[in-house]
Amino acid sequence: MPVATDTHDAMKEPIPFKIESPPHRDVLREDYDVKDLDALSPEECARARVVVTSGFVGLSRGEIDRLPRLGMISCIGTGYENVDLDAARERGIVVSHGAGSNASGVADHAMAMLLAMMRNIPAFDASAKQGLWRGTLAPRPMPGGKTLGIIGMGQIGERIARRAAAFDMEVLYHSRTPKPELQWEYVPSVMALAERCDILVMAAPGGRATFRMIGADVLRALGPSGFLVNIGRGPNVDTDALVAALRSGGLAGAALDVFETEPEIPASLRELDNVLLTPHVAAFAPEMQTLGSQLLRKNIDAYFGSGRPVTPIPEMA
């Protein structure tokens, strides 16, 4: 790991960031020269061996080409869907991510959204604050005894499953491959999962393999009493198909923390009463920021020490 004194700051290893995230920058400042990617001088571009980004922001082939010594792209958070992996592989560049660092926070948020949507807590809260008591609001279903289907059984999916089990829910899951070490039943397709569950949770990463994995056919299988929760990636769900199902009564409700057009949230979603929306904040907790910052530091230190990060993405593990 490079170490520099105040009189030799120019000798610190430059670490360009493509995102803001002050906590992640702060954990590196003592030993590295933290910069905005767009503000790098030609000399700094020539020296930079690590760049920090996120899955949503990504890193393009052109940006990779600007950094001739680049050896690692380090993503904050679990996702890396907008990093040009083909360009990285061609150069032998390793990609790391924050595997597991935000899993508990995201799982908590998924369950909070699920409960709030099913029990219609926002509407009951608004009614109470208006002095209307229950008003004309109808009784709402409870999670206990329902079947929860999870798409993506990584660290986030597994934590959601544990939390759902505590609410006496049956848990099923679909992922790229079965995980026989887990206690929950694997279902071989998303369609079959939707047909068997009351609540469907999208917890898979983004990318070509999961693009609009949940479309009109899956939503029809989930049915008019079904609920959808998406804390994975916005493009994993076909927004137009979701809006149509919510408007027509083909789906009881949806809770979304991620959107196809982030940071814009479509008006067609915002105007609906049977949808609960949060602005991609599932991991937006100080505890998660601390864990993520520490893992970023470990990945960068490990790369400079051994040439390999602690948590490379699965495709490069």
# chains A, B, ... in the order shown; residues from 1 in each chain; ligands from 1
>>> residues_around(residues="Asp36 of chain A", least_positions_apart="5", cutoff="8 Å", atoms="only C-alpha atoms", output="short mmCIF file (atom, residue, chain, number, x, y, z; two decimals) with C-alpha atoms, in the first residue's frame")
data_model
loop_
_atom_site.label_atom_id
_atom_site.label_comp_id
_atom_site.auth_asym_id
_atom_site.auth_seq_id
_atom_site.Cartn_x
_atom_site.Cartn_y
_atom_site.Cartn_z
CA PRO A 16 -10.13 8.45 -9.56
CA PHE A 17 -13.81 8.28 -8.61
CA LYS A 18 -16.68 8.41 -11.09
CA ILE A 19 -19.20 8.83 -8.27
#
>>> closest_atom_pairs(of="segment 98-118 of chain A", to="segment 254-276 of chain A", cutoff="12 Å", atoms="only C-alpha atoms", output="Markdown table")
| residue | atom | partner | partner_atom | distance |
| --- | --- | --- | --- | --- |
| A:Val106 | CA | A:Asp257 | CA | 9.8 |
| A:Ala107 | CA | A:Asp257 | CA | 11.8 |
| A:His109 | CA | A:Asp257 | CA | 8.8 |
| A:Ala110 | CA | A:Ala255 | CA | 8.4 |
| A:Met111 | CA | A:Ala255 | CA | 10.1 |
| A:Ala112 | CA | A:Ala255 | CA | 9.7 |
| A:Met113 | CA | A:Ala255 | CA | 5.9 |
| A:Leu114 | CA | A:Ala255 | CA | 6.7 |
| A:Leu115 | CA | A:Ala255 | CA | 9.6 |
| A:Ala116 | CA | A:Leu276 | CA | 8.0 |
| A:Met117 | CA | A:Leu276 | CA | 6.3 |
| A:Met118 | CA | A:Ala254 | CA | 9.0 |
>>> write_last_selection(atoms="N, CA, C and O atoms", output="mmCIF file, in the first residue's frame")
data_model
loop_
_atom_site.group_PDB
_atom_site.id
_atom_site.type_symbol
_atom_site.label_atom_id
_atom_site.label_comp_id
_atom_site.auth_asym_id
_atom_site.auth_seq_id
_atom_site.Cartn_x
_atom_site.Cartn_y
_atom_site.Cartn_z
ATOM 1 N N VAL A 106 -30.230 -3.933 2.634
ATOM 2 C CA VAL A 106 -31.160 -4.122 1.512
ATOM 3 C C VAL A 106 -32.264 -5.114 1.891
ATOM 4 O O VAL A 106 -33.438 -4.912 1.561
ATOM 5 N N ALA A 107 -31.903 -6.173 2.592
ATOM 6 C CA ALA A 107 -32.912 -7.151 3.018
ATOM 7 C C ALA A 107 -33.904 -6.521 3.989
ATOM 8 O O ALA A 107 -35.121 -6.766 3.898
ATOM 9 N N HIS A 109 -34.754 -3.394 4.083
ATOM 10 C CA HIS A 109 -35.591 -2.478 3.319
ATOM 11 C C HIS A 109 -36.630 -3.251 2.501
ATOM 12 O O HIS A 109 -37.795 -2.823 2.400
ATOM 13 N N ALA A 110 -36.224 -4.361 1.926
ATOM 14 C CA ALA A 110 -37.172 -5.175 1.161
ATOM 15 C C ALA A 110 -38.332 -5.630 2.032
ATOM 16 O O ALA A 110 -39.508 -5.554 1.620
ATOM 17 N N MET A 111 -38.043 -6.088 3.236
ATOM 18 C CA MET A 111 -39.111 -6.540 4.126
ATOM 19 C C MET A 111 -39.964 -5.370 4.608
ATOM 20 O O MET A 111 -41.196 -5.504 4.729
ATOM 21 N N ALA A 112 -39.329 -4.230 4.865
ATOM 22 C CA ALA A 112 -40.094 -3.048 5.285
ATOM 23 C C ALA A 112 -41.072 -2.629 4.192
ATOM 24 O O ALA A 112 -42.245 -2.318 4.465
ATOM 25 N N MET A 113 -40.602 -2.641 2.932
ATOM 26 C CA MET A 113 -41.476 -2.267 1.816
ATOM 27 C C MET A 113 -42.588 -3.296 1.626
ATOM 28 O O MET A 113 -43.751 -2.940 1.361
ATOM 29 N N LEU A 114 -42.244 -4.563 1.750
ATOM 30 C CA LEU A 114 -43.238 -5.620 1.609
ATOM 31 C C LEU A 114 -44.355 -5.445 2.640
ATOM 32 O O LEU A 114 -45.549 -5.476 2.309
ATOM 33 N N LEU A 115 -43.980 -5.250 3.896
ATOM 34 C CA LEU A 115 -44.966 -5.098 4.968
ATOM 35 C C LEU A 115 -45.798 -3.837 4.785
ATOM 36 O O LEU A 115 -47.020 -3.845 4.956
ATOM 37 N N ALA A 116 -45.125 -2.731 4.436
ATOM 38 C CA ALA A 116 -45.843 -1.470 4.256
ATOM 39 C C ALA A 116 -46.844 -1.559 3.115
ATOM 40 O O ALA A 116 -47.955 -1.018 3.195
ATOM 41 N N MET A 117 -46.472 -2.237 2.029
ATOM 42 C CA MET A 117 -47.358 -2.369 0.881
ATOM 43 C C MET A 117 -48.520 -3.294 1.199
ATOM 44 O O MET A 117 -49.687 -2.971 0.955
ATOM 45 N N MET A 118 -48.235 -4.475 1.725
ATOM 46 C CA MET A 118 -49.301 -5.430 2.015
ATOM 47 C C MET A 118 -50.302 -4.879 3.020
ATOM 48 O O MET A 118 -51.514 -5.003 2.840
#
>>> select_by_dssp(residues="segment 1-242 of chain A", states="helix (DSSP H, G or I)", output="PyMOL selection string")
chain A and resi 6-11+22-26+37-39+42-47+61-65+85-91+103-118+121-129+155-166+190-196+208-210+216-222+234-236+239-242
>>> residues_around(residues="segment 51-56 of chain A", least_positions_apart="4", cutoff="7 Å", atoms="only C-alpha atoms", output="PyMOL selection string")
chain A and resi 15-19+72-77+79-83
>>> write_last_selection(atoms="all heavy atoms", output="tab-separated table (two decimals), in the first residue's frame")
chain	number	residue	atom	x	y	z
A	15	ILE	N	-6.39	7.73	-7.14
A	15	ILE	CA	-7.59	6.89	-7.18
A	15	ILE	C	-8.73	7.74	-7.71
A	15	ILE	O	-9.36	8.49	-6.97
A	15	ILE	CB	-7.97	6.32	-5.80
A	15	ILE	CG1	-6.80	5.55	-5.18
A	15	ILE	CG2	-9.21	5.44	-5.92
A	15	ILE	CD1	-6.49	4.23	-5.83
A	16	PRO	N	-9.02	7.67	-9.00
A	16	PRO	CA	-10.13	8.45	-9.56
A	16	PRO	C	-11.48	7.82	-9.22
A	16	PRO	O	-11.63	6.60	-9.23
A	16	PRO	CB	-9.87	8.42	-11.06
A	16	PRO	CG	-9.03	7.21	-11.28
A	16	PRO	CD	-8.23	7.00	-10.05
A	17	PHE	N	-12.43	8.68	-8.89
A	17	PHE	CA	-13.81	8.28	-8.61
A	17	PHE	C	-14.72	8.79	-9.71
A	17	PHE	O	-14.62	9.95	-10.13
A	17	PHE	CB	-14.27	8.89	-7.28
A	17	PHE	CG	-13.99	8.07	-6.06
A	17	PHE	CD1	-12.68	7.82	-5.66
A	17	PHE	CD2	-15.02	7.55	-5.30
A	17	PHE	CE1	-12.41	7.09	-4.51
A	17	PHE	CE2	-14.76	6.81	-4.16
A	17	PHE	CZ	-13.45	6.57	-3.76
A	18	LYS	N	-15.66	7.96	-10.15
A	18	LYS	CA	-16.68	8.41	-11.09
A	18	LYS	C	-17.98	8.76	-10.38
A	18	LYS	O	-18.94	9.19	-10.99
A	18	LYS	CB	-16.93	7.33	-12.16
A	18	LYS	CG	-17.65	7.88	-13.39
A	18	LYS	CD	-17.93	6.83	-14.43
A	18	LYS	CE	-18.83	7.41	-15.52
A	18	LYS	NZ	-19.20	6.39	-16.52
A	19	ILE	N	-18.02	8.55	-9.07
A	19	ILE	CA	-19.20	8.83	-8.27
A	19	ILE	C	-18.81	9.73	-7.11
A	19	ILE	O	-17.62	9.92	-6.82
A	19	ILE	CB	-19.83	7.53	-7.72
A	19	ILE	CG1	-18.77	6.72	-6.97
A	19	ILE	CG2	-20.44	6.70	-8.83
A	19	ILE	CD1	-19.32	5.52	-6.26
A	72	MET	N	-7.63	-2.33	-12.10
A	72	MET	CA	-8.82	-2.76	-11.37
A	72	MET	C	-9.89	-1.68	-11.42
A	72	MET	O	-9.61	-0.49	-11.24
A	72	MET	CB	-8.50	-3.07	-9.90
A	72	MET	CG	-9.71	-3.59	-9.13
A	72	MET	SD	-9.37	-4.17	-7.45
A	72	MET	CE	-9.22	-2.61	-6.57
A	73	ILE	N	-11.11	-2.12	-11.66
A	73	ILE	CA	-12.30	-1.29	-11.55
A	73	ILE	C	-13.03	-1.74	-10.29
A	73	ILE	O	-13.44	-2.91	-10.20
A	73	ILE	CB	-13.21	-1.44	-12.79
A	73	ILE	CG1	-12.45	-1.06	-14.06
A	73	ILE	CG2	-14.48	-0.61	-12.63
A	73	ILE	CD1	-13.15	-1.49	-15.34
A	74	SER	N	-13.15	-0.86	-9.32
A	74	SER	CA	-13.73	-1.23	-8.04
A	74	SER	C	-15.12	-0.61	-7.91
A	74	SER	O	-15.26	0.62	-7.89
A	74	SER	CB	-12.84	-0.77	-6.88
A	74	SER	OG	-13.22	-1.41	-5.67
A	75	CYS	N	-16.15	-1.45	-7.84
A	75	CYS	CA	-17.53	-0.98	-7.78
A	75	CYS	C	-18.01	-0.93	-6.33
A	75	CYS	O	-17.86	-1.89	-5.57
A	75	CYS	CB	-18.44	-1.89	-8.57
A	75	CYS	SG	-18.20	-1.79	-10.35
A	76	ILE	N	-18.59	0.21	-5.99
A	76	ILE	CA	-19.27	0.34	-4.70
A	76	ILE	C	-20.62	-0.34	-4.80
A	76	ILE	O	-21.36	-0.14	-5.76
A	76	ILE	CB	-19.42	1.83	-4.34
A	76	ILE	CG1	-18.06	2.44	-4.02
A	76	ILE	CG2	-20.38	2.01	-3.18
A	76	ILE	CD1	-18.09	3.93	-3.88
A	77	GLY	N	-20.97	-1.15	-3.83
A	77	GLY	CA	-22.22	-1.89	-3.90
A	77	GLY	C	-22.03	-3.20	-4.64
A	77	GLY	O	-20.96	-3.52	-5.16
A	79	GLY	N	-23.73	-4.31	-7.44
A	79	GLY	CA	-23.91	-4.30	-8.89
A	79	GLY	C	-22.70	-3.85	-9.67
A	79	GLY	O	-21.85	-3.11	-9.17
A	80	TYR	N	-22.64	-4.28	-10.94
A	80	TYR	CA	-21.57	-3.87	-11.85
A	80	TYR	C	-22.07	-3.92	-13.29
A	80	TYR	O	-21.32	-4.04	-14.24
A	80	TYR	CB	-20.33	-4.76	-11.68
A	80	TYR	CG	-20.62	-6.25	-11.68
A	80	TYR	CD1	-20.58	-6.99	-12.86
A	80	TYR	CD2	-20.95	-6.91	-10.49
A	80	TYR	CE1	-20.86	-8.35	-12.86
A	80	TYR	CE2	-21.24	-8.26	-10.49
A	80	TYR	CZ	-21.18	-8.98	-11.66
A	80	TYR	OH	-21.47	-10.32	-11.65
A	81	GLU	N	-23.40	-3.79	-13.45
A	81	GLU	CA	-24.04	-4.06	-14.73
A	81	GLU	C	-23.67	-3.09	-15.84
A	81	GLU	O	-23.76	-3.43	-17.04
A	81	GLU	CB	-25.57	-4.09	-14.56
A	81	GLU	CG	-26.22	-2.75	-14.20
A	81	GLU	CD	-26.20	-2.44	-12.72
A	81	GLU	OE1	-25.49	-3.13	-11.96
A	81	GLU	OE2	-26.89	-1.49	-12.32
A	82	ASN	N	-23.26	-1.87	-15.50
A	82	ASN	CA	-22.92	-0.89	-16.53
A	82	ASN	C	-21.41	-0.70	-16.71
A	82	ASN	O	-20.99	0.26	-17.36
A	82	ASN	CB	-23.60	0.45	-16.23
A	82	ASN	CG	-25.10	0.38	-16.44
A	82	ASN	OD1	-25.56	-0.24	-17.39
A	82	ASN	ND2	-25.86	0.98	-15.54
A	83	VAL	N	-20.64	-1.60	-16.16
A	83	VAL	CA	-19.20	-1.64	-16.44
A	83	VAL	C	-18.99	-2.46	-17.72
A	83	VAL	O	-19.58	-3.54	-17.87
A	83	VAL	CB	-18.43	-2.28	-15.28
A	83	VAL	CG1	-16.96	-2.47	-15.63
A	83	VAL	CG2	-18.56	-1.42	-14.01
>>> closest_residue(among="A:Gly157, A:Gly232, A:Gly250, A:Pro205", to="Asp217 of chain A", atoms="only C-alpha atoms")
A:Gly250
>>> residues_around(residues="segment 63-69 of chain A", least_positions_apart="2", cutoff="6 Å", atoms="only C-alpha atoms", output="list in words")
Cys45, Ala46, Arg49, Ser60 and Arg61 of chain A
>>> select_by_dssp(residues="segment 158-215 of chain A", states="strand (DSSP E)", output="list in words")
Glu170, Val171, Leu172, Tyr173, His174, Glu185, Tyr186, Ile199, Leu200, Val201 and Met202 of chain A
>>> residues_around(residues="Gly307 of chain A", least_positions_apart="4", cutoff="12 Å", atoms="only C-alpha atoms", output="VMD selection string")
chain A and resid 1 49 to 50 70 to 72 92 to 96 299 to 303 312
>>> write_last_selection(atoms="N, CA and C atoms", output="compact mmCIF listing (two decimals), in the first residue's frame")
# COMPACT_ATOMS: atom_id res chain seq x y z
N MET A 1 0.83 -1.19 0.00
CA MET A 1 0.00 0.00 0.00
C MET A 1 0.87 1.24 0.00
N ARG A 49 -4.09 3.32 -11.62
CA ARG A 49 -4.21 1.87 -11.77
C ARG A 49 -5.53 1.33 -11.23
N VAL A 50 -6.27 2.15 -10.49
CA VAL A 50 -7.57 1.74 -9.94
C VAL A 50 -8.55 2.88 -10.16
N LEU A 70 -4.59 1.07 -16.10
CA LEU A 70 -5.69 0.60 -15.26
C LEU A 70 -5.62 -0.92 -15.08
N GLY A 71 -5.71 -1.35 -13.81
CA GLY A 71 -5.67 -2.77 -13.51
C GLY A 71 -6.89 -3.26 -12.76
N MET A 72 -7.63 -2.33 -12.10
CA MET A 72 -8.82 -2.76 -11.37
C MET A 72 -9.89 -1.68 -11.42
N GLY A 92 -7.21 -7.34 -19.43
CA GLY A 92 -6.81 -8.07 -18.23
C GLY A 92 -7.11 -7.30 -16.96
N ILE A 93 -8.11 -6.45 -16.99
CA ILE A 93 -8.48 -5.63 -15.83
C ILE A 93 -9.47 -6.41 -14.97
N VAL A 94 -9.22 -6.49 -13.68
CA VAL A 94 -10.11 -7.18 -12.77
C VAL A 94 -11.17 -6.18 -12.27
N VAL A 95 -12.37 -6.69 -12.03
CA VAL A 95 -13.47 -5.88 -11.51
C VAL A 95 -13.85 -6.41 -10.14
N SER A 96 -13.90 -5.54 -9.16
CA SER A 96 -14.32 -5.93 -7.81
C SER A 96 -15.65 -5.27 -7.50
N ASN A 299 -10.28 -3.99 -0.76
CA ASN A 299 -10.08 -4.40 -2.15
C ASN A 299 -8.93 -3.65 -2.80
N ILE A 300 -8.86 -2.34 -2.56
CA ILE A 300 -7.79 -1.54 -3.17
C ILE A 300 -6.44 -1.90 -2.57
N ASP A 301 -6.37 -2.01 -1.25
CA ASP A 301 -5.11 -2.40 -0.61
C ASP A 301 -4.65 -3.78 -1.09
N ALA A 302 -5.60 -4.71 -1.20
CA ALA A 302 -5.26 -6.07 -1.64
C ALA A 302 -4.76 -6.05 -3.07
N TYR A 303 -5.37 -5.25 -3.92
CA TYR A 303 -4.93 -5.20 -5.31
C TYR A 303 -3.49 -4.68 -5.41
N PRO A 312 -13.59 -10.08 -5.98
CA PRO A 312 -13.81 -9.90 -7.42
C PRO A 312 -15.23 -10.30 -7.78
>>> closest_residue(among="A:Thr311, A:Ser293, A:Asn102, A:Ser306", to="His24 of chain A", atoms="only C-alpha atoms")
A:Ser293
>>> closest_residue(among="A:Arg134, A:Arg208, A:Phe227, A:Ala128", to="Thr147 of chain A", atoms="only C-alpha atoms")
A:Phe227
>>> closest_residue(among="A:Leu40, A:Leu228, A:Met191, A:Ala88", to="Gly58 of chain A", atoms="only C-alpha atoms")
A:Ala88
>>> closest_residue(among="A:Gly152, A:Gly292, A:Pro14, A:Pro22", to="Asn230 of chain A", atoms="only C-alpha atoms")
A:Gly152
>>> closest_residue(among="A:Pro286, A:Pro139, A:Pro224, A:Pro178", to="Ala194 of chain A", atoms="only C-alpha atoms")
A:Pro224
>>> residues_around(residues="Gly149 of chain A", least_positions_apart="5", cutoff="12 Å", atoms="only C-alpha atoms", output="mmCIF file with N, CA, C and O atoms, in the first residue's frame")
data_model
loop_
_atom_site.group_PDB
_atom_site.id
_atom_site.type_symbol
_atom_site.label_atom_id
_atom_site.label_comp_id
_atom_site.auth_asym_id
_atom_site.auth_seq_id
_atom_site.Cartn_x
_atom_site.Cartn_y
_atom_site.Cartn_z
ATOM 1 N N GLY A 157 -30.594 -12.060 -1.233
ATOM 2 C CA GLY A 157 -31.722 -12.972 -1.294
ATOM 3 C C GLY A 157 -31.801 -13.892 -0.087
ATOM 4 O O GLY A 157 -32.884 -14.144 0.456
ATOM 5 N N GLU A 158 -30.649 -14.383 0.343
ATOM 6 C CA GLU A 158 -30.639 -15.283 1.497
ATOM 7 C C GLU A 158 -31.097 -14.572 2.769
ATOM 8 O O GLU A 158 -31.840 -15.143 3.576
ATOM 9 N N ILE A 160 -33.131 -11.978 2.883
ATOM 10 C CA ILE A 160 -34.573 -11.767 2.753
ATOM 11 C C ILE A 160 -35.312 -13.045 3.140
ATOM 12 O O ILE A 160 -36.331 -13.006 3.846
ATOM 13 N N ALA A 161 -34.812 -14.180 2.692
ATOM 14 C CA ALA A 161 -35.447 -15.463 3.012
ATOM 15 C C ALA A 161 -35.500 -15.696 4.517
ATOM 16 O O ALA A 161 -36.528 -16.139 5.055
ATOM 17 N N ALA A 164 -38.145 -13.426 5.971
ATOM 18 C CA ALA A 164 -39.488 -13.896 5.625
ATOM 19 C C ALA A 164 -39.883 -15.114 6.456
ATOM 20 O O ALA A 164 -41.037 -15.234 6.886
ATOM 21 N N ALA A 165 -38.931 -16.014 6.695
ATOM 22 C CA ALA A 165 -39.217 -17.195 7.508
ATOM 23 C C ALA A 165 -39.641 -16.806 8.921
ATOM 24 O O ALA A 165 -40.486 -17.464 9.532
ATOM 25 N N MET A 169 -43.536 -17.251 6.677
ATOM 26 C CA MET A 169 -43.802 -17.350 5.252
ATOM 27 C C MET A 169 -43.063 -18.547 4.677
ATOM 28 O O MET A 169 -41.950 -18.867 5.099
ATOM 29 N N GLU A 170 -43.689 -19.204 3.711
ATOM 30 C CA GLU A 170 -42.989 -20.235 2.954
ATOM 31 C C GLU A 170 -42.100 -19.542 1.927
ATOM 32 O O GLU A 170 -42.533 -18.595 1.261
ATOM 33 N N VAL A 171 -40.870 -19.996 1.776
ATOM 34 C CA VAL A 171 -39.914 -19.360 0.878
ATOM 35 C C VAL A 171 -39.540 -20.305 -0.260
ATOM 36 O O VAL A 171 -39.177 -21.461 -0.025
ATOM 37 N N LEU A 172 -39.651 -19.795 -1.495
ATOM 38 C CA LEU A 172 -39.174 -20.467 -2.693
ATOM 39 C C LEU A 172 -38.187 -19.534 -3.378
ATOM 40 O O LEU A 172 -38.211 -18.324 -3.146
ATOM 41 N N TYR A 173 -37.337 -20.073 -4.231
ATOM 42 C CA TYR A 173 -36.406 -19.174 -4.915
ATOM 43 C C TYR A 173 -36.035 -19.693 -6.296
ATOM 44 O O TYR A 173 -36.127 -20.882 -6.598
ATOM 45 N N HIS A 174 -35.604 -18.747 -7.125
ATOM 46 C CA HIS A 174 -35.018 -19.066 -8.423
ATOM 47 C C HIS A 174 -33.709 -18.310 -8.540
ATOM 48 O O HIS A 174 -33.628 -17.135 -8.188
ATOM 49 N N SER A 175 -32.674 -18.970 -9.013
ATOM 50 C CA SER A 175 -31.388 -18.338 -9.264
ATOM 51 C C SER A 175 -30.727 -19.049 -10.436
ATOM 52 O O SER A 175 -31.286 -19.999 -10.993
ATOM 53 N N TRP A 184 -34.335 -23.812 1.501
ATOM 54 C CA TRP A 184 -35.529 -23.439 0.755
ATOM 55 C C TRP A 184 -35.567 -24.129 -0.606
ATOM 56 O O TRP A 184 -34.547 -24.469 -1.192
ATOM 57 N N GLU A 185 -36.787 -24.264 -1.137
ATOM 58 C CA GLU A 185 -36.972 -24.992 -2.394
ATOM 59 C C GLU A 185 -36.563 -24.143 -3.599
ATOM 60 O O GLU A 185 -36.971 -22.990 -3.738
ATOM 61 N N TYR A 186 -35.788 -24.753 -4.476
ATOM 62 C CA TYR A 186 -35.405 -24.124 -5.738
ATOM 63 C C TYR A 186 -36.481 -24.390 -6.782
ATOM 64 O O TYR A 186 -36.983 -25.505 -6.920
ATOM 65 N N VAL A 187 -36.846 -23.337 -7.534
ATOM 66 C CA VAL A 187 -37.820 -23.452 -8.620
ATOM 67 C C VAL A 187 -37.085 -23.134 -9.915
ATOM 68 O O VAL A 187 -36.397 -22.111 -10.011
ATOM 69 N N PRO A 188 -37.203 -23.973 -10.944
ATOM 70 C CA PRO A 188 -36.317 -23.859 -12.111
ATOM 71 C C PRO A 188 -36.581 -22.707 -13.069
ATOM 72 O O PRO A 188 -35.756 -22.445 -13.946
ATOM 73 N N SER A 189 -37.714 -21.999 -12.931
ATOM 74 C CA SER A 189 -37.966 -20.869 -13.831
ATOM 75 C C SER A 189 -38.702 -19.763 -13.092
ATOM 76 O O SER A 189 -39.396 -20.007 -12.084
ATOM 77 N N VAL A 190 -38.553 -18.539 -13.608
ATOM 78 C CA VAL A 190 -39.246 -17.397 -13.017
ATOM 79 C C VAL A 190 -40.751 -17.563 -13.156
ATOM 80 O O VAL A 190 -41.516 -17.238 -12.233
ATOM 81 N N MET A 191 -41.204 -18.056 -14.300
ATOM 82 C CA MET A 191 -42.636 -18.251 -14.506
ATOM 83 C C MET A 191 -43.216 -19.235 -13.498
ATOM 84 O O MET A 191 -44.267 -18.977 -12.885
ATOM 85 N N ALA A 192 -42.546 -20.353 -13.307
ATOM 86 C CA ALA A 192 -43.024 -21.345 -12.335
ATOM 87 C C ALA A 192 -43.030 -20.766 -10.925
ATOM 88 O O ALA A 192 -43.926 -21.065 -10.128
ATOM 89 N N LEU A 193 -42.044 -19.921 -10.621
ATOM 90 C CA LEU A 193 -41.986 -19.281 -9.310
ATOM 91 C C LEU A 193 -43.177 -18.349 -9.124
ATOM 92 O O LEU A 193 -43.838 -18.370 -8.074
ATOM 93 N N ALA A 194 -43.473 -17.540 -10.132
ATOM 94 C CA ALA A 194 -44.588 -16.596 -10.048
ATOM 95 C C ALA A 194 -45.917 -17.321 -9.876
ATOM 96 O O ALA A 194 -46.821 -16.845 -9.168
ATOM 97 N N GLU A 195 -46.060 -18.452 -10.529
ATOM 98 C CA GLU A 195 -47.308 -19.222 -10.436
ATOM 99 C C GLU A 195 -47.537 -19.772 -9.037
ATOM 100 O O GLU A 195 -48.688 -20.005 -8.645
ATOM 101 N N ARG A 196 -46.466 -19.944 -8.265
ATOM 102 C CA ARG A 196 -46.595 -20.592 -6.955
ATOM 103 C C ARG A 196 -46.540 -19.639 -5.775
ATOM 104 O O ARG A 196 -46.760 -20.075 -4.632
ATOM 105 N N CYS A 197 -46.261 -18.354 -6.000
ATOM 106 C CA CYS A 197 -46.054 -17.465 -4.851
ATOM 107 C C CYS A 197 -47.104 -16.358 -4.784
ATOM 108 O O CYS A 197 -47.787 -16.048 -5.767
ATOM 109 N N ASP A 198 -47.228 -15.772 -3.601
ATOM 110 C CA ASP A 198 -48.106 -14.628 -3.366
ATOM 111 C C ASP A 198 -47.368 -13.315 -3.496
ATOM 112 O O ASP A 198 -47.945 -12.304 -3.899
ATOM 113 N N ILE A 199 -46.100 -13.336 -3.137
ATOM 114 C CA ILE A 199 -45.246 -12.150 -3.229
ATOM 115 C C ILE A 199 -43.987 -12.547 -3.973
ATOM 116 O O ILE A 199 -43.363 -13.571 -3.655
ATOM 117 N N LEU A 200 -43.616 -11.756 -4.968
ATOM 118 C CA LEU A 200 -42.411 -12.020 -5.751
ATOM 119 C C LEU A 200 -41.413 -10.903 -5.487
ATOM 120 O O LEU A 200 -41.733 -9.719 -5.639
ATOM 121 N N VAL A 201 -40.214 -11.277 -5.057
ATOM 122 C CA VAL A 201 -39.167 -10.306 -4.753
ATOM 123 C C VAL A 201 -38.055 -10.438 -5.777
ATOM 124 O O VAL A 201 -37.448 -11.504 -5.916
ATOM 125 N N MET A 202 -37.770 -9.339 -6.483
ATOM 126 C CA MET A 202 -36.655 -9.308 -7.431
ATOM 127 C C MET A 202 -35.406 -8.860 -6.688
ATOM 128 O O MET A 202 -35.304 -7.714 -6.249
ATOM 129 N N ALA A 203 -34.456 -9.774 -6.521
ATOM 130 C CA ALA A 203 -33.214 -9.470 -5.813
ATOM 131 C C ALA A 203 -32.000 -9.833 -6.660
ATOM 132 O O ALA A 203 -30.903 -9.995 -6.133
ATOM 133 N N LEU A 222 -48.406 -14.119 -11.487
ATOM 134 C CA LEU A 222 -48.461 -13.699 -10.077
ATOM 135 C C LEU A 222 -49.894 -13.398 -9.675
ATOM 136 O O LEU A 222 -50.318 -13.729 -8.562
ATOM 137 N N GLY A 226 -51.504 -10.808 -6.075
ATOM 138 C CA GLY A 226 -50.066 -10.871 -5.863
ATOM 139 C C GLY A 226 -49.430 -9.516 -5.675
ATOM 140 O O GLY A 226 -49.955 -8.466 -6.086
ATOM 141 N N PHE A 227 -48.252 -9.539 -5.053
ATOM 142 C CA PHE A 227 -47.464 -8.330 -4.817
ATOM 143 C C PHE A 227 -46.058 -8.529 -5.383
ATOM 144 O O PHE A 227 -45.509 -9.627 -5.329
ATOM 145 N N LEU A 228 -45.484 -7.433 -5.885
ATOM 146 C CA LEU A 228 -44.117 -7.447 -6.402
ATOM 147 C C LEU A 228 -43.265 -6.480 -5.606
ATOM 148 O O LEU A 228 -43.677 -5.345 -5.336
ATOM 149 N N VAL A 229 -42.055 -6.916 -5.232
ATOM 150 C CA VAL A 229 -41.061 -6.049 -4.596
ATOM 151 C C VAL A 229 -39.805 -6.092 -5.455
ATOM 152 O O VAL A 229 -39.322 -7.181 -5.780
ATOM 153 N N ASN A 230 -39.271 -4.920 -5.813
ATOM 154 C CA ASN A 230 -38.022 -4.884 -6.590
ATOM 155 C C ASN A 230 -36.983 -4.057 -5.855
ATOM 156 O O ASN A 230 -37.098 -2.838 -5.742
#
>>> residues_around(residues="Arg212 of chain A", least_positions_apart="6", cutoff="10 Å", atoms="only C-alpha atoms", output="list in words")
Gly206, Arg233, Gly234, Pro235, Asn236, Val237, Asp238, Thr239, Ala241 and Glu260 of chain A
